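Student: Quick one: structure below, then a few questions.
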Protein chains: 2
Amino acid sequence: MTAHTLRYYERVGLIQPVGRARNGHRRYSDADEAWIHFLHCMRATSMPIREMARYAELREVGDATSEERRKILEDHQAGIAAQIVELQRAHALLTHKIANYKAIEQRIRIDRPALHEPEVVRELEPVG
Amino acid sequence: MTAHTLRYYERVGLIQPVGRARNGHRRYSDADEAWIHFLHCMRATSMPIREMARYAELREVGDATSEERRKILEDHQAGIAAQIVELQRAHALLTHKIANYKAIEQRIRIDRPALHEPEVVRELEPVG
DNA sequence: CCTTGACTTTGAGCGCGCTCAAAGTTGTAC
DNA sequence: GTACAACTTTGAGCGCGCTCAAAGTCAAGG
């Protein structure tokens with residue numbers, strides 16, 4: 001997370017104006033850091049900036065917004081669960097394809113002796 | 001996956017020029033569909049278009065590029081594994097925060113009787 | 001014959017999330 | 001005193017991945 005990004009987050013309302021040193025430089029408190037860590041965690045799991053900004057805004061209002069904030073988090077968590085499923089599917093697919101590539105490479109390495117072992121060839125996928 | 005997107009993919013080299021009907025309309029074969037499904041799967045797991053195009057290009061060359069293609073898939077698979085870990089962490093964090101919100105909402109619902117139960121309050125996080 | 005609608009092309013436009021350029025201020029080291 | 005580095009501001013620019021607008025072609029239906 002770069003300084004550029006932190007300033008950008010402040011501009012778009014993800015971070016409230018933060019404390020300054022005498023010289024005007026930003027000073028991030030532990031609470032700021034905790035919040036930024038949370039933001040980072042949400043971004044890393046593809047929560048849109050808009051939604052994070054909405055959440056930050058509600059947070060400023062106080063406890064009365066608790067339910068709406070919880071709903072935002074629950075929605076995002078559901079999205080995360082879906083993402084995990086998708087990733088696991090892709091992971092499995094890749095395991096399969098990589099094994100297939102290894103078989104192809106094996107076939108090349110032993111210089112295509114396979115005419116009397118056609119079933120090995122048939123197991124290879126037609127598509128990259 | 002929209003028609004727009006399919007044409008875009010063809011433009012940028014993810015899909016080879018595909019068969020046409022008499023009238024010039026695109027006709028996607030089963031092999032095309034399988035390939036497109038694979039592309040979709042990689043995109044859904046955040047493989048950049050560039051990398052997919054690289055892979056598609058190698059695929060056109062033939063078996064000699066097998067190793068490089070396998071390496072691309074292995075790299076992506078590693079990225080997927082890392083993503084899953086990140087998502088699982090975030091999922092756990094959200095479970096925690098959501099539970100915390102439920103506690104806050106409970107506290108509001110019973111109209112803050114908590115002065116003689118301060119430990120409940122202390123369990124609540126200071127940060128949204 | 002003529003309309004309708006689904007496709008075709010090319011090139012431009014857009015939303016997102018940064019990322020950087022330019023110019024200015026401040027504190028530190030020599 | 002003065003160079004330098006590290007921050008500050010504002011606004012612009014950029015890479016990605018679509019997404020759409022405009023104008024054209026073609027086939028089928030009424």
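By order of appearance in the structure tokens: chains A, B, ..., then residues from 1 within every chain, and ligands from 1 in the order shown.
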Could you superimpose chain A onto chain B using all C-alpha atoms, paired one by one in order, and tell me the resulting RMSD in Å?
Tutor: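 Least-squares fit of chain A onto chain B, C-alpha RMSD 0.1 Å.
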Student: Give me the residues within 12 Å of DC18 of chain D as a list in words, counting only C-alpha atoms (C1' of nucleotides) and dropping any in the same chain fewer than 2 places off.
Tutor: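 Answer for this query is Met1, Thr2, Ala3, His4, Thr5, Leu6, Arg7, Tyr8, Tyr9, Val12 and Ile49 of chain B; DG13, DC14, DG15 and DC16 of chain C; DC16 and DC20 of chain D.
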Student: Neighbours of Glu60 of chain A within 12 Å (only C-alpha atoms (C1' of nucleotides); same-chain residues fewer than 5 positions away dropped), as an MDAnalysis selection string?
Tutor: (chainID A and resid 13:16 53:55 65:66 69) or (chainID B and resid 127:128)
Student: Atoms to include: N, CA and C atoms. Write the selected residues as a short mmCIF file (atom, residue, chain, number, x, y, z; two decimals), in the first residue's frame.
Tutor:
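The result, stored in again_21.cif:
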```cif
data_model
loop_
_atom_site.label_atom_id
_atom_site.label_comp_id
_atom_site.auth_asym_id
_atom_site.auth_seq_id
_atom_site.Cartn_x
_atom_site.Cartn_y
_atom_site.Cartn_z
N GLY A 13 -12.73 9.37 0.59
CA GLY A 13 -13.55 9.19 1.77
C GLY A 13 -13.43 7.84 2.47
N LEU A 14 -12.47 7.04 2.05
CA LEU A 14 -12.27 5.76 2.75
C LEU A 14 -11.63 5.98 4.11
N ILE A 15 -10.82 7.03 4.17
CA ILE A 15 -10.13 7.35 5.40
C ILE A 15 -10.50 8.79 5.77
N GLN A 16 -10.87 8.99 7.02
CA GLN A 16 -11.11 10.36 7.49
C GLN A 16 -9.79 11.13 7.51
N ALA A 53 -16.49 2.88 0.62
CA ALA A 53 -16.75 4.27 0.98
C ALA A 53 -18.11 4.39 1.69
N ARG A 54 -19.07 3.65 1.17
CA ARG A 54 -20.40 3.62 1.80
C ARG A 54 -20.27 3.12 3.24
N TYR A 55 -19.54 2.08 3.41
CA TYR A 55 -19.34 1.50 4.73
C TYR A 55 -18.65 2.51 5.65
N THR A 65 -26.22 2.83 12.49
CA THR A 65 -26.04 2.24 11.15
C THR A 65 -25.53 0.81 11.21
N SER A 66 -25.52 0.27 12.39
CA SER A 66 -24.93 -1.05 12.60
C SER A 66 -25.51 -2.11 11.67
N ARG A 69 -24.43 -1.74 8.04
CA ARG A 69 -23.02 -2.13 7.88
C ARG A 69 -22.87 -3.64 7.93
N VAL B 127 -13.41 -0.50 16.39
CA VAL B 127 -13.33 -0.06 15.00
C VAL B 127 -14.29 -0.85 14.13
N GLY B 128 -15.02 -0.11 13.27
CA GLY B 128 -16.10 -0.59 12.44
C GLY B 128 -15.85 -1.76 11.57
#
```
Student: Mind listing as a list of chain:residue names which residues of chain B are within 9 Å of chain C, counting only C-alpha atoms (C1' of nucleotides)?
Tutor: B:Asn23, B:Gly24, B:His25, B:Arg26
Student: Contacts of His37 of chain B at 12 Å or less, counting only C-alpha atoms (C1' of nucleotides), minus same-chain residues fewer than 2 places along, as a list in words?
Tutor: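 Contacts, in chain order: Ala90, Leu93, Val127 and Gly128 of chain A; Met1, Leu6, Leu14, Ile15, Tyr28, Asp30, Ala31, Asp32, Glu33, Ala34, Trp35, Leu39, His40, Cys41, Met42, Arg43 and Ala44 of chain B.
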Student: With a cut-off of 10 Å and counting only C-alpha atoms, select all residues of chain A in contact with chain B and give the selection as a count of residues only.
Tutor: 59
